[in-house]
Amino acid sequence: GQQLNQSPQSMFIQEGEDVSMNCTSSSIFNTWLWYKQDPGEGPVLLIALYKAGELTSNGRLTAQFGITRKDSFLNISASIPSDVGIYFCAGVYSGGGADGLTFGKGTHLIIQP
Amino acid sequence: DTAVSQTPKYLVTQMGNDKSIKCEQNLGHDTMYWYKQDSKKFLKIMFSYNNKELIINETVPNRFSPKSPDKAHLNLHINSLELGDSAVYFCASSQGHPPYEQYFGPGTRLTVT
């Protein structure tokens, strides 16, 4: 099945810094999604990307669907303490199988005040 | 109102028991899913289901079975629980096919002793 390589695995940053994380795949995806998971909660959708090259923002978050359809990145500008959590990229592949999301292994974001 | 809800939030049981986790969505979505999140936070699709089709990830043991009494509910039944089944299980739902944006429940932490 498809696999996503998400990096970095964890980030320790200062409040106010910008953050960048990315996902790459050996396979093409039709859709890229970015989720955030807080402790004890389910993943919450942040941004959805549907077209190669698409750049979408949601407040301080910006994500792009790579032109090759095999990668995506997420940027967070001016990080604040509530940005702490695990960020997951996810790809949708509609070629059969369970048609669920294929998730990256997550980026743990830790912010030092 | 909670969009995707799961019960129970926590489930502790002994090996060999049979247990069920319930999921309900009030989003009017036509497709529901079960995911398993392991101790390393890796999320993996187990099933996707709509009123037409159940698609099973081939790696899921047949001790796991989804049951859908209606479009808004997808319960997960697990027979003969094993230690390795300990994980957090998430229900999710989406509208349409292919499944683009998926919305997750808060998770059920299953501990098998």
# chains A, B, ... in the order shown; residues from 1 in each chain; ligands from 1
call {"tool": "residues_around", "arguments": {"residues": "Lys36 of chain A", "least_positions_apart": "3", "cutoff": "10 Å", "atoms": "only C-alpha atoms", "output": "list in words"}}
result
Glu41, Gly42, Pro43, Val44, Leu45, Leu46, Ile47, Asp83, Val84, Gly85, Ile86, Tyr87, Phe88, Cys89, Gly106, Thr107 and His108 of chain A
call {"tool": "write_last_selection", "arguments": {"atoms": "N, CA, C and O atoms", "output": "PDB file, in the first residue's frame"}}
result
ATOM      1  N   GLU A  41      -7.559  13.418  22.028  1.00  0.00           N
ATOM      2  CA  GLU A  41      -8.599  13.811  21.084  1.00  0.00           C
ATOM      3  C   GLU A  41      -8.378  13.138  19.735  1.00  0.00           C
ATOM      4  O   GLU A  41      -7.327  12.562  19.476  1.00  0.00           O
ATOM      5  N   GLY A  42      -9.393  13.242  18.875  1.00  0.00           N
ATOM      6  CA  GLY A  42      -9.232  12.742  17.523  1.00  0.00           C
ATOM      7  C   GLY A  42      -8.591  13.791  16.629  1.00  0.00           C
ATOM      8  O   GLY A  42      -8.559  14.979  16.971  1.00  0.00           O
ATOM      9  N   PRO A  43      -8.056  13.378  15.485  1.00  0.00           N
ATOM     10  CA  PRO A  43      -7.473  14.344  14.549  1.00  0.00           C
ATOM     11  C   PRO A  43      -8.527  15.327  14.061  1.00  0.00           C
ATOM     12  O   PRO A  43      -9.669  14.954  13.796  1.00  0.00           O
ATOM     13  N   VAL A  44      -8.127  16.583  13.944  1.00  0.00           N
ATOM     14  CA  VAL A  44      -9.007  17.640  13.462  1.00  0.00           C
ATOM     15  C   VAL A  44      -8.454  18.151  12.140  1.00  0.00           C
ATOM     16  O   VAL A  44      -7.262  18.471  12.038  1.00  0.00           O
ATOM     17  N   LEU A  45      -9.315  18.230  11.151  1.00  0.00           N
ATOM     18  CA  LEU A  45      -8.887  18.666   9.817  1.00  0.00           C
ATOM     19  C   LEU A  45      -8.515  20.146   9.834  1.00  0.00           C
ATOM     20  O   LEU A  45      -9.281  20.993  10.294  1.00  0.00           O
ATOM     21  N   LEU A  46      -7.326  20.446   9.289  1.00  0.00           N
ATOM     22  CA  LEU A  46      -6.849  21.827   9.211  1.00  0.00           C
ATOM     23  C   LEU A  46      -7.027  22.381   7.795  1.00  0.00           C
ATOM     24  O   LEU A  46      -7.567  23.469   7.611  1.00  0.00           O
ATOM     25  N   ILE A  47      -6.499  21.657   6.834  1.00  0.00           N
ATOM     26  CA  ILE A  47      -6.502  22.111   5.449  1.00  0.00           C
ATOM     27  C   ILE A  47      -6.667  20.905   4.537  1.00  0.00           C
ATOM     28  O   ILE A  47      -6.086  19.849   4.787  1.00  0.00           O
ATOM     29  N   ASP A  83      -0.509  25.843  19.442  1.00  0.00           N
ATOM     30  CA  ASP A  83      -0.136  25.083  18.237  1.00  0.00           C
ATOM     31  C   ASP A  83       0.488  23.742  18.599  1.00  0.00           C
ATOM     32  O   ASP A  83       0.663  22.880  17.736  1.00  0.00           O
ATOM     33  N   VAL A  84       0.824  23.548  19.860  1.00  0.00           N
ATOM     34  CA  VAL A  84       1.420  22.284  20.306  1.00  0.00           C
ATOM     35  C   VAL A  84       0.486  21.121  19.976  1.00  0.00           C
ATOM     36  O   VAL A  84      -0.722  21.206  20.160  1.00  0.00           O
ATOM     37  N   GLY A  85       1.075  20.041  19.495  1.00  0.00           N
ATOM     38  CA  GLY A  85       0.285  18.861  19.170  1.00  0.00           C
ATOM     39  C   GLY A  85       1.007  18.019  18.137  1.00  0.00           C
ATOM     40  O   GLY A  85       2.184  18.249  17.838  1.00  0.00           O
ATOM     41  N   ILE A  86       0.290  17.060  17.600  1.00  0.00           N
ATOM     42  CA  ILE A  86       0.846  16.214  16.543  1.00  0.00           C
ATOM     43  C   ILE A  86       0.153  16.576  15.246  1.00  0.00           C
ATOM     44  O   ILE A  86      -1.080  16.582  15.171  1.00  0.00           O
ATOM     45  N   TYR A  87       0.927  16.870  14.246  1.00  0.00           N
ATOM     46  CA  TYR A  87       0.400  17.224  12.928  1.00  0.00           C
ATOM     47  C   TYR A  87       0.601  16.037  11.995  1.00  0.00           C
ATOM     48  O   TYR A  87       1.698  15.481  11.911  1.00  0.00           O
ATOM     49  N   PHE A  88      -0.470  15.665  11.329  1.00  0.00           N
ATOM     50  CA  PHE A  88      -0.424  14.548  10.403  1.00  0.00           C
ATOM     51  C   PHE A  88      -0.748  15.017   8.998  1.00  0.00           C
ATOM     52  O   PHE A  88      -1.709  15.763   8.793  1.00  0.00           O
ATOM     53  N   CYS A  89       0.024  14.541   8.054  1.00  0.00           N
ATOM     54  CA  CYS A  89      -0.408  14.655   6.668  1.00  0.00           C
ATOM     55  C   CYS A  89      -1.170  13.379   6.331  1.00  0.00           C
ATOM     56  O   CYS A  89      -0.959  12.329   6.950  1.00  0.00           O
ATOM     57  N   GLY A 106       3.388  11.527  11.533  1.00  0.00           N
ATOM     58  CA  GLY A 106       3.161  12.660  12.429  1.00  0.00           C
ATOM     59  C   GLY A 106       4.397  13.473  12.733  1.00  0.00           C
ATOM     60  O   GLY A 106       5.520  12.957  12.739  1.00  0.00           O
ATOM     61  N   THR A 107       4.193  14.747  12.953  1.00  0.00           N
ATOM     62  CA  THR A 107       5.238  15.652  13.427  1.00  0.00           C
ATOM     63  C   THR A 107       4.788  16.176  14.778  1.00  0.00           C
ATOM     64  O   THR A 107       3.739  16.818  14.876  1.00  0.00           O
ATOM     65  N   HIS A 108       5.580  15.877  15.815  1.00  0.00           N
ATOM     66  CA  HIS A 108       5.268  16.350  17.162  1.00  0.00           C
ATOM     67  C   HIS A 108       5.831  17.764  17.300  1.00  0.00           C
ATOM     68  O   HIS A 108       7.049  17.962  17.227  1.00  0.00           O
TER      69      HIS A 108
END
call {"tool": "residues_around", "arguments": {"residues": "Glu101 of chain B", "least_positions_apart": "3", "cutoff": "8 Å", "atoms": "only C-alpha atoms", "output": "list in words"}}
result
Leu33, Leu45 and Ala48 of chain A; Ser94 and Gln95 of chain B
call {"tool": "atom_distance", "arguments": {"atom1": "atom CA of Tyr33 of chain B", "atom2": "atom CA of Gly84 of chain B"}}
result
20.5 Å
call {"tool": "closest_atom_pairs", "arguments": {"of": "chain B", "to": "chain A", "cutoff": "9 Å", "atoms": "only C-alpha atoms", "output": "Markdown table"}}
result
| residue | atom | partner | partner_atom | distance |
| --- | --- | --- | --- | --- |
| B:Tyr33 | CA | A:Gly100 | CA | 7.3 |
| B:Trp34 | CA | A:Gly100 | CA | 8.9 |
| B:Tyr35 | CA | A:Gly100 | CA | 8.7 |
| B:Lys40 | CA | A:Lys105 | CA | 8.2 |
| B:Lys41 | CA | A:Lys105 | CA | 7.1 |
| B:Phe42 | CA | A:Lys105 | CA | 5.4 |
| B:Leu43 | CA | A:Phe103 | CA | 6.1 |
| B:Lys44 | CA | A:Thr102 | CA | 7.0 |
| B:Ile45 | CA | A:Gly100 | CA | 5.8 |
| B:Met46 | CA | A:Ala98 | CA | 7.5 |
| B:Phe47 | CA | A:Ala98 | CA | 6.0 |
| B:Ser48 | CA | A:Ala98 | CA | 5.5 |
| B:Tyr49 | CA | A:Ala98 | CA | 8.5 |
| B:Leu54 | CA | A:Ala98 | CA | 8.4 |
| B:Ile55 | CA | A:Ala98 | CA | 5.1 |
| B:Ile56 | CA | A:Ala98 | CA | 5.8 |
| B:Asn57 | CA | A:Ala98 | CA | 5.7 |
| B:Glu58 | CA | A:Gly97 | CA | 8.5 |
| B:Phe90 | CA | A:Gly42 | CA | 7.0 |
| B:Cys91 | CA | A:Gly42 | CA | 8.9 |
| B:His97 | CA | A:Ser94 | CA | 8.5 |
| B:Pro98 | CA | A:Ser94 | CA | 6.0 |
| B:Pro99 | CA | A:Asp99 | CA | 6.9 |
| B:Tyr100 | CA | A:Val92 | CA | 6.9 |
| B:Glu101 | CA | A:Ala48 | CA | 7.0 |
| B:Gln102 | CA | A:Leu45 | CA | 7.6 |
| B:Tyr103 | CA | A:Leu45 | CA | 7.0 |
| B:Phe104 | CA | A:Gly42 | CA | 5.7 |
| B:Gly105 | CA | A:Gly42 | CA | 5.6 |
| B:Pro106 | CA | A:Gly42 | CA | 4.3 |
| B:Gly107 | CA | A:Gly42 | CA | 5.8 |
| B:Arg109 | CA | A:Gly40 | CA | 8.9 |
call {"tool": "residues_around", "arguments": {"residues": "Val12 of chain B", "least_positions_apart": "2", "cutoff": "7 Å", "atoms": "only C-alpha atoms", "output": "compact mmCIF listing (two decimals) with C-alpha atoms, in the first residue's frame"}}
result
# COMPACT_ATOMS: atom_id res chain seq x y z
CA TYR B 10 -12.07 4.08 27.65
CA LEU B 110 -8.86 0.00 24.41
CA THR B 111 -6.62 -1.73 26.92
CA VAL B 112 -6.48 -5.51 26.93
call {"tool": "closest_residue", "arguments": {"among": "B:Met32, B:Met15, B:Asp38, B:Thr7", "to": "Pro66 of chain B", "atoms": "only C-alpha atoms"}}
result
B:Met32
call {"tool": "atom_distance", "arguments": {"atom1": "atom CA of Ser65 of chain B", "atom2": "atom CA of Asn5 of chain A"}}
result
29.7 Å
call {"tool": "select_by_dssp", "arguments": {"residues": "chain A", "states": "strand (DSSP E)", "output": "PyMOL selection string"}}
result
chain A and resi 4-7+10-14+19-25+31-37+44-49+55-58+61-65+71-76+85-92+101-103+107-112
call {"tool": "closest_residue", "arguments": {"among": "B:Val4, B:Leu83, B:Cys23, B:Val60", "to": "Lys36 of chain B", "atoms": "only C-alpha atoms"}}
result
B:Val60
call {"tool": "atom_distance", "arguments": {"atom1": "atom CA of Lys19 of chain B", "atom2": "atom CA of Ala72 of chain B"}}
result
20.2 Å
call {"tool": "closest_residue", "arguments": {"among": "A:Pro39, A:Pro81, A:Leu109, A:Lys70", "to": "Gly53 of chain A", "atoms": "only C-alpha atoms"}}
result
A:Lys70
call {"tool": "residues_around", "arguments": {"residues": "Ser27 of chain A", "least_positions_apart": "5", "cutoff": "10 Å", "atoms": "only C-alpha atoms", "output": "list of chain:residue names"}}
result
A:Gly1, A:Gln2, A:Gln3, A:Leu4, A:Thr68, A:Arg69, A:Lys70, A:Asp71, A:Gly91, A:Tyr93
